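Structure file structure13.pdb (PDB, C-alpha atoms) is printed below.
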```pdb
ATOM      1  CA  MET W   1     -26.026   4.426 -20.150
ATOM      2  CA  THR W   2     -29.259   4.851 -21.986
ATOM      3  CA  GLY W   3     -30.670   8.352 -21.667
ATOM      4  CA  VAL W   4     -27.481   9.707 -20.085
ATOM      5  CA  LYS W   5     -25.591  12.244 -22.148
ATOM      6  CA  LEU W   6     -21.878  11.572 -22.018
ATOM      7  CA  LEU W   7     -19.340  14.364 -21.784
ATOM      8  CA  PHE W   8     -17.054  12.536 -24.192
ATOM      9  CA  ALA W   9     -17.410   9.556 -26.496
ATOM     10  CA  HIS W  10     -18.087   6.324 -24.620
ATOM     11  CA  ASP W  11     -14.689   4.827 -25.514
ATOM     12  CA  THR W  12     -12.930   7.999 -24.346
ATOM     13  CA  GLU W  13     -14.641   7.925 -20.960
ATOM     14  CA  CYS W  14     -13.938   4.202 -20.528
ATOM     15  CA  SER W  15     -10.271   4.704 -21.411
ATOM     16  CA  LEU W  16      -9.891   7.650 -19.023
ATOM     17  CA  ILE W  17     -11.427   5.680 -16.159
ATOM     18  CA  ALA W  18      -9.274   2.632 -16.911
ATOM     19  CA  ALA W  19      -6.104   4.752 -17.166
ATOM     20  CA  ALA W  20      -6.778   6.325 -13.759
ATOM     21  CA  ALA W  21      -7.508   2.906 -12.276
ATOM     22  CA  LEU W  22      -4.262   1.523 -13.688
ATOM     23  CA  VAL W  23      -2.237   4.436 -12.306
ATOM     24  CA  ASN W  24      -3.875   3.928  -8.914
ATOM     25  CA  THR W  25      -2.800   0.280  -8.776
ATOM     26  CA  ALA W  26       0.615   1.594  -7.660
ATOM     27  CA  GLY W  27       0.269   3.916  -4.724
ATOM     28  CA  ARG W  28       0.178   4.389  -0.989
ATOM     29  CA  ASP W  29      -1.769   1.148  -0.529
ATOM     30  CA  GLY W  30       1.040  -0.866  -2.128
ATOM     31  CA  GLU W  31       0.908  -3.001  -5.242
ATOM     32  CA  LEU W  32      -2.710  -3.497  -6.308
ATOM     33  CA  LEU W  33      -1.733  -5.367  -9.471
ATOM     34  CA  PRO W  34       0.364  -8.042  -7.739
ATOM     35  CA  ASP W  35      -0.192 -10.992 -10.034
ATOM     36  CA  ILE W  36      -1.735 -12.305 -13.228
ATOM     37  CA  ALA W  37      -5.073 -12.942 -11.501
ATOM     38  CA  ALA W  38      -5.262  -9.236 -10.595
ATOM     39  CA  LEU W  39      -4.446  -8.318 -14.204
ATOM     40  CA  ASP W  40      -7.163 -10.719 -15.382
ATOM     41  CA  ALA W  41      -9.659  -8.988 -13.073
ATOM     42  CA  PHE W  42      -8.508  -5.562 -14.332
ATOM     43  CA  PHE W  43      -8.936  -6.754 -17.940
ATOM     44  CA  VAL W  44     -12.520  -7.841 -17.239
ATOM     45  CA  ARG W  45     -13.496  -4.901 -15.009
ATOM     46  CA  TYR W  46     -12.439  -2.307 -17.585
ATOM     47  CA  SER W  47     -13.916  -4.245 -20.517
ATOM     48  CA  TYR W  48     -10.770  -4.788 -22.510
ATOM     49  CA  SER W  49     -11.107  -7.087 -25.469
ATOM     50  CA  GLY W  50      -8.676  -8.776 -27.801
ATOM     51  CA  ARG W  51      -5.380 -10.402 -26.978
ATOM     52  CA  HIS W  52      -4.607 -11.198 -23.344
ATOM     53  CA  GLU W  53      -1.682 -13.540 -22.707
ATOM     54  CA  HIS W  54      -2.011 -14.121 -18.934
ATOM     55  CA  THR W  55       1.793 -14.019 -18.519
ATOM     56  CA  ASP W  56       4.260 -12.415 -16.134
ATOM     57  CA  ALA W  57       5.766 -10.545 -19.091
ATOM     58  CA  GLU W  58       2.378  -9.019 -19.921
ATOM     59  CA  LEU W  59       1.831  -8.079 -16.271
ATOM     60  CA  HIS W  60       5.260  -6.417 -16.153
ATOM     61  CA  ALA W  61       4.575  -4.490 -19.388
ATOM     62  CA  VAL W  62       1.249  -3.187 -18.061
ATOM     63  CA  ARG W  63       2.848  -2.147 -14.763
ATOM     64  CA  GLU W  64       5.572  -0.310 -16.699
ATOM     65  CA  LEU W  65       2.906   2.029 -18.155
ATOM     66  CA  ARG W  66       1.901   3.435 -14.778
ATOM     67  CA  PRO W  67       4.667   6.023 -14.274
ATOM     68  CA  GLN W  68       4.215   7.363 -17.806
ATOM     69  CA  LEU W  69       0.472   7.696 -17.384
ATOM     70  CA  ARG W  70       0.811   9.195 -13.887
ATOM     71  CA  ARG W  71       2.985  11.968 -15.349
ATOM     72  CA  ILE W  72      -0.047  13.169 -17.308
ATOM     73  CA  TRP W  73      -1.942  14.049 -14.115
ATOM     74  CA  TYR W  74       0.956  16.156 -12.795
ATOM     75  CA  ALA W  75       2.143  17.796 -15.994
ATOM     76  CA  GLU W  76       1.373  21.020 -17.786
ATOM     77  CA  PRO W  77      -0.216  20.823 -21.265
ATOM     78  CA  PRO W  78       3.032  20.860 -23.300
ATOM     79  CA  GLU W  79       4.397  17.870 -21.352
ATOM     80  CA  ILE W  80       1.040  16.087 -21.547
ATOM     81  CA  VAL W  81       1.090  16.516 -25.316
ATOM     82  CA  ALA W  82       4.652  15.166 -25.417
ATOM     83  CA  VAL W  83       3.673  12.077 -23.385
ATOM     84  CA  VAL W  84       0.556  11.473 -25.503
ATOM     85  CA  ASN W  85       2.416  11.931 -28.783
ATOM     86  CA  GLY W  86       5.247   9.739 -27.516
ATOM     87  CA  LEU W  87       2.889   6.904 -26.633
ATOM     88  CA  LEU W  88       1.116   7.134 -29.983
ATOM     89  CA  LEU W  89       4.408   7.204 -31.887
ATOM     90  CA  GLU W  90       6.054   4.440 -29.846
ATOM     91  CA  HIS W  91       3.135   2.099 -30.454
ATOM     92  CA  LYS W  92       2.644   3.093 -34.119
ATOM     93  CA  ALA W  93      -0.949   4.197 -33.592
ATOM     94  CA  LEU W  94      -3.111   4.405 -36.688
ATOM     95  CA  PRO W  95      -6.667   5.423 -35.718
ATOM     96  CA  GLN W  96      -9.482   3.580 -37.444
ATOM     97  CA  LEU W  97     -13.194   3.245 -36.810
ATOM     98  CA  ILE W  98     -13.992  -0.270 -35.605
ATOM     99  CA  GLU W  99     -17.193  -2.081 -34.672
ATOM    100  CA  HIS W 100     -17.026  -5.241 -32.517
ATOM    101  CA  ASP W 101     -18.643  -7.091 -29.620
ATOM    102  CA  ASP W 102     -21.996  -5.331 -30.097
ATOM    103  CA  GLU W 103     -20.303  -1.959 -29.536
ATOM    104  CA  PRO W 104     -21.053   0.882 -31.943
ATOM    105  CA  TYR W 105     -18.292   2.349 -34.081
ATOM    106  CA  HIS W 106     -15.407   3.670 -32.017
ATOM    107  CA  LEU W 107     -11.720   4.360 -32.525
ATOM    108  CA  HIS W 108      -9.010   1.762 -32.259
ATOM    109  CA  ALA W 109      -5.510   2.851 -33.091
ATOM    110  CA  VAL W 110      -3.746  -0.504 -32.866
ATOM    111  CA  PRO W 111      -4.947  -3.976 -33.842
ATOM    112  CA  ARG W 112      -6.957  -6.015 -31.327
ATOM    113  CA  ASP W 113      -4.179  -8.599 -31.344
ATOM    114  CA  ALA W 114      -1.576  -6.032 -30.242
ATOM    115  CA  PRO W 115      -0.139  -6.698 -26.779
ATOM    116  CA  LEU W 116      -2.403  -5.617 -23.918
ATOM    117  CA  ALA W 117       0.078  -3.003 -22.659
ATOM    118  CA  THR W 118       0.179  -1.474 -26.147
ATOM    119  CA  ARG W 119      -3.604  -1.320 -26.339
ATOM    120  CA  ILE W 120      -3.885   0.221 -22.879
ATOM    121  CA  ALA W 121      -1.187   2.803 -23.674
ATOM    122  CA  VAL W 122      -2.727   3.818 -26.988
ATOM    123  CA  GLU W 123      -6.311   3.897 -25.702
ATOM    124  CA  ALA W 124      -5.203   6.079 -22.779
ATOM    125  CA  ALA W 125      -3.237   8.348 -25.119
ATOM    126  CA  MET W 126      -6.186   8.692 -27.497
ATOM    127  CA  ALA W 127      -8.486   9.571 -24.577
ATOM    128  CA  MET W 128      -5.990  12.129 -23.262
ATOM    129  CA  ALA W 129      -5.755  13.588 -26.762
ATOM    130  CA  ASP W 130      -9.513  14.192 -26.602
ATOM    131  CA  LEU W 131      -9.074  16.073 -23.317
ATOM    132  CA  VAL W 132      -6.324  18.209 -24.825
ATOM    133  CA  ARG W 133      -8.335  18.942 -27.981
ATOM    134  CA  THR W 134     -11.453  19.921 -26.045
ATOM    135  CA  GLY W 135      -9.628  21.996 -23.429
ATOM    136  CA  GLU W 136     -10.774  19.662 -20.642
ATOM    137  CA  LEU W 137      -7.473  18.791 -18.941
ATOM    138  CA  SER W 138      -8.827  20.260 -15.695
ATOM    139  CA  ARG W 139     -10.846  17.038 -15.390
ATOM    140  CA  LEU W 140      -7.615  15.270 -14.440
ATOM    141  CA  ARG W 141      -7.016  15.728 -10.723
ATOM    142  CA  ILE W 142      -5.222  14.345  -7.718
ATOM    143  CA  CYS W 143      -7.381  13.094  -4.834
ATOM    144  CA  GLU W 144      -7.855  15.862  -2.270
ATOM    145  CA  TYR W 145      -7.739  13.572   0.753
ATOM    146  CA  PRO W 146      -4.583  14.214   2.825
ATOM    147  CA  ASP W 147      -1.739  11.804   2.036
ATOM    148  CA  CYS W 148      -3.567  10.270  -0.929
ATOM    149  CA  ASP W 149      -1.806  10.554  -4.261
ATOM    150  CA  ASN W 150      -4.374   8.639  -6.306
ATOM    151  CA  VAL W 151      -5.443  10.211  -9.557
ATOM    152  CA  VAL W 152      -9.014  11.171 -10.391
ATOM    153  CA  VAL W 153     -10.911  11.701 -13.637
ATOM    154  CA  ASP W 154     -13.790  14.083 -12.982
ATOM    155  CA  LEU W 155     -16.532  13.231 -15.460
ATOM    156  CA  SER W 156     -19.232  14.970 -13.435
ATOM    157  CA  ARG W 157     -21.209  17.687 -15.195
ATOM    158  CA  ASN W 158     -20.492  20.263 -12.506
ATOM    159  CA  ARG W 159     -16.820  19.322 -12.121
ATOM    160  CA  SER W 160     -17.277  18.526  -8.437
ATOM    161  CA  ARG W 161     -15.405  15.263  -7.999
ATOM    162  CA  ARG W 162     -12.696  15.679  -5.398
ATOM    163  CA  PHE W 163     -11.811  12.209  -4.204
ATOM    164  CA  CYS W 164     -10.601   8.931  -5.692
ATOM    165  CA  GLU W 165     -12.323   5.566  -5.718
ATOM    166  CA  ALA W 166     -10.379   4.249  -2.701
ATOM    167  CA  GLY W 167     -12.897   5.436  -0.110
ATOM    168  CA  CYS W 168     -11.325   8.832   0.469
ATOM    169  CA  GLY W 169     -14.652  10.624   0.047
ATOM    170  CA  ASN W 170     -16.144   8.534   2.854
ATOM    171  CA  ARG W 171     -13.102   9.098   5.061
ATOM    172  CA  ALA W 172     -13.369  12.873   4.461
ATOM    173  CA  ALA W 173     -17.070  12.853   5.351
ATOM    174  CA  VAL W 174     -16.416  10.929   8.576
ATOM    175  CA  THR W 175     -13.586  13.301   9.516
ATOM    176  CA  ALA W 176     -15.807  16.334   8.880
ATOM    177  CA  TYR W 177     -18.667  14.775  10.855
ATOM    178  CA  ARG W 178     -16.410  14.069  13.816
ATOM    179  CA  ALA W 179     -15.014  17.601  13.683
ATOM    180  CA  ARG W 180     -18.543  19.048  13.733
ATOM    181  CA  ARG W 181     -19.509  16.831  16.667
ATOM    182  CA  ALA W 182     -16.368  17.783  18.569
ATOM    183  CA  ALA W 183     -16.996  21.483  17.914
ATOM    184  CA  GLY W 184     -20.573  21.097  19.209
ATOM    185  CA  GLN W 185     -19.358  19.523  22.437
ATOM    186  CA  SER W 186     -16.942  22.350  23.226
TER     187      SER W 186
END
```
Any chance you could give the structure as structure tokens?
Amino acid sequence: MTGVKLLFAHDTECSLIAAAALVNTAGRDGELLPDIAALDAFFVRYSYSGRHEHTDAELHAVRELRPQLRRIWYAEPPEIVAVVNGLLLEHKALPQLIEHDDEPYHLHAVPRDAPLATRIAVEAAMAMADLVRTGELSRLRICEYPDCDNVVVDLSRNRSRRFCEAGCGNRAAVTAYRARRAAGQS
């Protein structure tokens, strides 16, 4: 991201995007985290580091985070704060500046050898805490495409993101195009 000014710290943006992606693995399209191989791919795609056990227990623990994280997108600020504080307390978060894997200093609040579900929960909570502190909770949205309940993190400068990553933006454009064509033929 050289030359691109981030809205938030790099680790915050990565954690927000990963949290939304995790929430969206359970939705109208069914289970998108069906097995350990899918969790392995998620781990790599969202650049997690540290401990990864490749077990059914780990997969189950990660899946168990989804409803808690989804609540954040639907809640008002006091409930969001309660969820964030609860996650940080439950996982005994202790923020520290860390440097690893050629990444500049960033915050970790649990050890790298903590269980993956713990690291995901705490990283998501820390990122959400940044949104609360900066008054940017409006960046958390629900996809505007009809019948889609996927969550969205709008990191655009002009706050224009309306659709999730599941192709809803393309479907909306096609629907609008067809409506315009049909109106022109009338």
Which residues would end up in the selection if the PyMOL selection byres ((chain W and resi 106) around 9) were applied here, given that I need the answer as an NGL selection string? :W and (9-11 or 96-99 or 103-105 or 107-108)
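Across the model, the gap from CA of Met126 in chain W to CA of Leu88 in chain W is 7.9 Å.
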Take the point (-15.8, 0.7, -18.4) as written in the file and pick out every residue within 9 Å of it, counting only C-alpha atoms; give the list as a ChimeraX atom specification. /W:10-11,13-15,17-18,45-48
Considering all atoms listed in the file, return as an mmCIF file with C-alpha atoms, in the frame of the given file whatever protein or nucleic-acid residues lie within 10 Å of range 24-35 of chain W, sequence-local ones (same chain, fewer than 5 positions apart) excluded.
```cif
data_model
loop_
_atom_site.group_PDB
_atom_site.id
_atom_site.type_symbol
_atom_site.label_atom_id
_atom_site.label_comp_id
_atom_site.auth_asym_id
_atom_site.auth_seq_id
_atom_site.Cartn_x
_atom_site.Cartn_y
_atom_site.Cartn_z
ATOM 1 C CA ALA W 18 -9.274 2.632 -16.911
ATOM 2 C CA ALA W 19 -6.104 4.752 -17.166
ATOM 3 C CA ASP W 40 -7.163 -10.719 -15.382
ATOM 4 C CA ALA W 41 -9.659 -8.988 -13.073
ATOM 5 C CA PHE W 42 -8.508 -5.562 -14.332
ATOM 6 C CA HIS W 54 -2.011 -14.121 -18.934
ATOM 7 C CA THR W 55 1.793 -14.019 -18.519
ATOM 8 C CA ASP W 56 4.260 -12.415 -16.134
ATOM 9 C CA LEU W 59 1.831 -8.079 -16.271
ATOM 10 C CA HIS W 60 5.260 -6.417 -16.153
ATOM 11 C CA VAL W 62 1.249 -3.187 -18.061
ATOM 12 C CA ARG W 63 2.848 -2.147 -14.763
ATOM 13 C CA ARG W 66 1.901 3.435 -14.778
ATOM 14 C CA PRO W 67 4.667 6.023 -14.274
ATOM 15 C CA ARG W 70 0.811 9.195 -13.887
ATOM 16 C CA ASP W 147 -1.739 11.804 2.036
ATOM 17 C CA CYS W 148 -3.567 10.270 -0.929
ATOM 18 C CA ASP W 149 -1.806 10.554 -4.261
ATOM 19 C CA ASN W 150 -4.374 8.639 -6.306
ATOM 20 C CA VAL W 151 -5.443 10.211 -9.557
ATOM 21 C CA VAL W 152 -9.014 11.171 -10.391
ATOM 22 C CA CYS W 164 -10.601 8.931 -5.692
ATOM 23 C CA GLU W 165 -12.323 5.566 -5.718
ATOM 24 C CA ALA W 166 -10.379 4.249 -2.701
#
```
Distance of CA of Asp154 in chain W from CA of Ala127 in chain W, expressed in Å to one decimal place: 13.5 Å
Around (-0.2, -5.1, -38.4) in the file's frame, which residues reach within 12 Å when counting only C-alpha atoms? Return as a PyMOL selection string? chain W and resi 91-94+109-115
Could you give me the centre and size, in Å to one decimal, of an axis-aligned box around all listed atoms of range 134-150 of chain W with 5 Å added on every side, as AutoDock Vina command-line options?
```
--center_x -6.6 --center_y 15.3 --center_z -11.6 --size_x 19.7 --size_y 23.4 --size_z 38.9
```
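Atom pair CA of Ala125 in chain W / CA of Asn85 in chain W has a distance of 7.6 Å (rounded to one decimal).
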Hey, which of W:Leu39, W:Leu22, W:Ala121, W:Leu140 ends up closest to Tyr74 in chain W? Count only C-alpha atoms. W:Leu140
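For Leu116 in chain W, the list of residues within 8 Å, based on only C-alpha atoms and with local chain neighbours fewer than 2 positions off taken out, reads Arg51, His52, Glu58, Val62, Ala114, Thr118, Arg119 and Ile120 of chain W.
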Can you spit out the residues from that selection as a PDB file, in the coordinates of the input, using C-alpha atoms?
```
ATOM      1  CA  ARG W  51      -5.380 -10.402 -26.978  1.00  0.00           C
ATOM      2  CA  HIS W  52      -4.607 -11.198 -23.344  1.00  0.00           C
ATOM      3  CA  GLU W  58       2.378  -9.019 -19.921  1.00  0.00           C
ATOM      4  CA  VAL W  62       1.249  -3.187 -18.061  1.00  0.00           C
ATOM      5  CA  ALA W 114      -1.576  -6.032 -30.242  1.00  0.00           C
ATOM      6  CA  THR W 118       0.179  -1.474 -26.147  1.00  0.00           C
ATOM      7  CA  ARG W 119      -3.604  -1.320 -26.339  1.00  0.00           C
ATOM      8  CA  ILE W 120      -3.885   0.221 -22.879  1.00  0.00           C
TER       9      ILE W 120
END
```
Residue members of the PyMOL selection byres ((chain W and resi 131-139) around 10) in the file shown, as an NGL selection string: :W and (8 or 12 or 16 or 72-73 or 76-78 or 80-81 or 84 or 125-130 or 140-142 or 152-156 or 159-161)
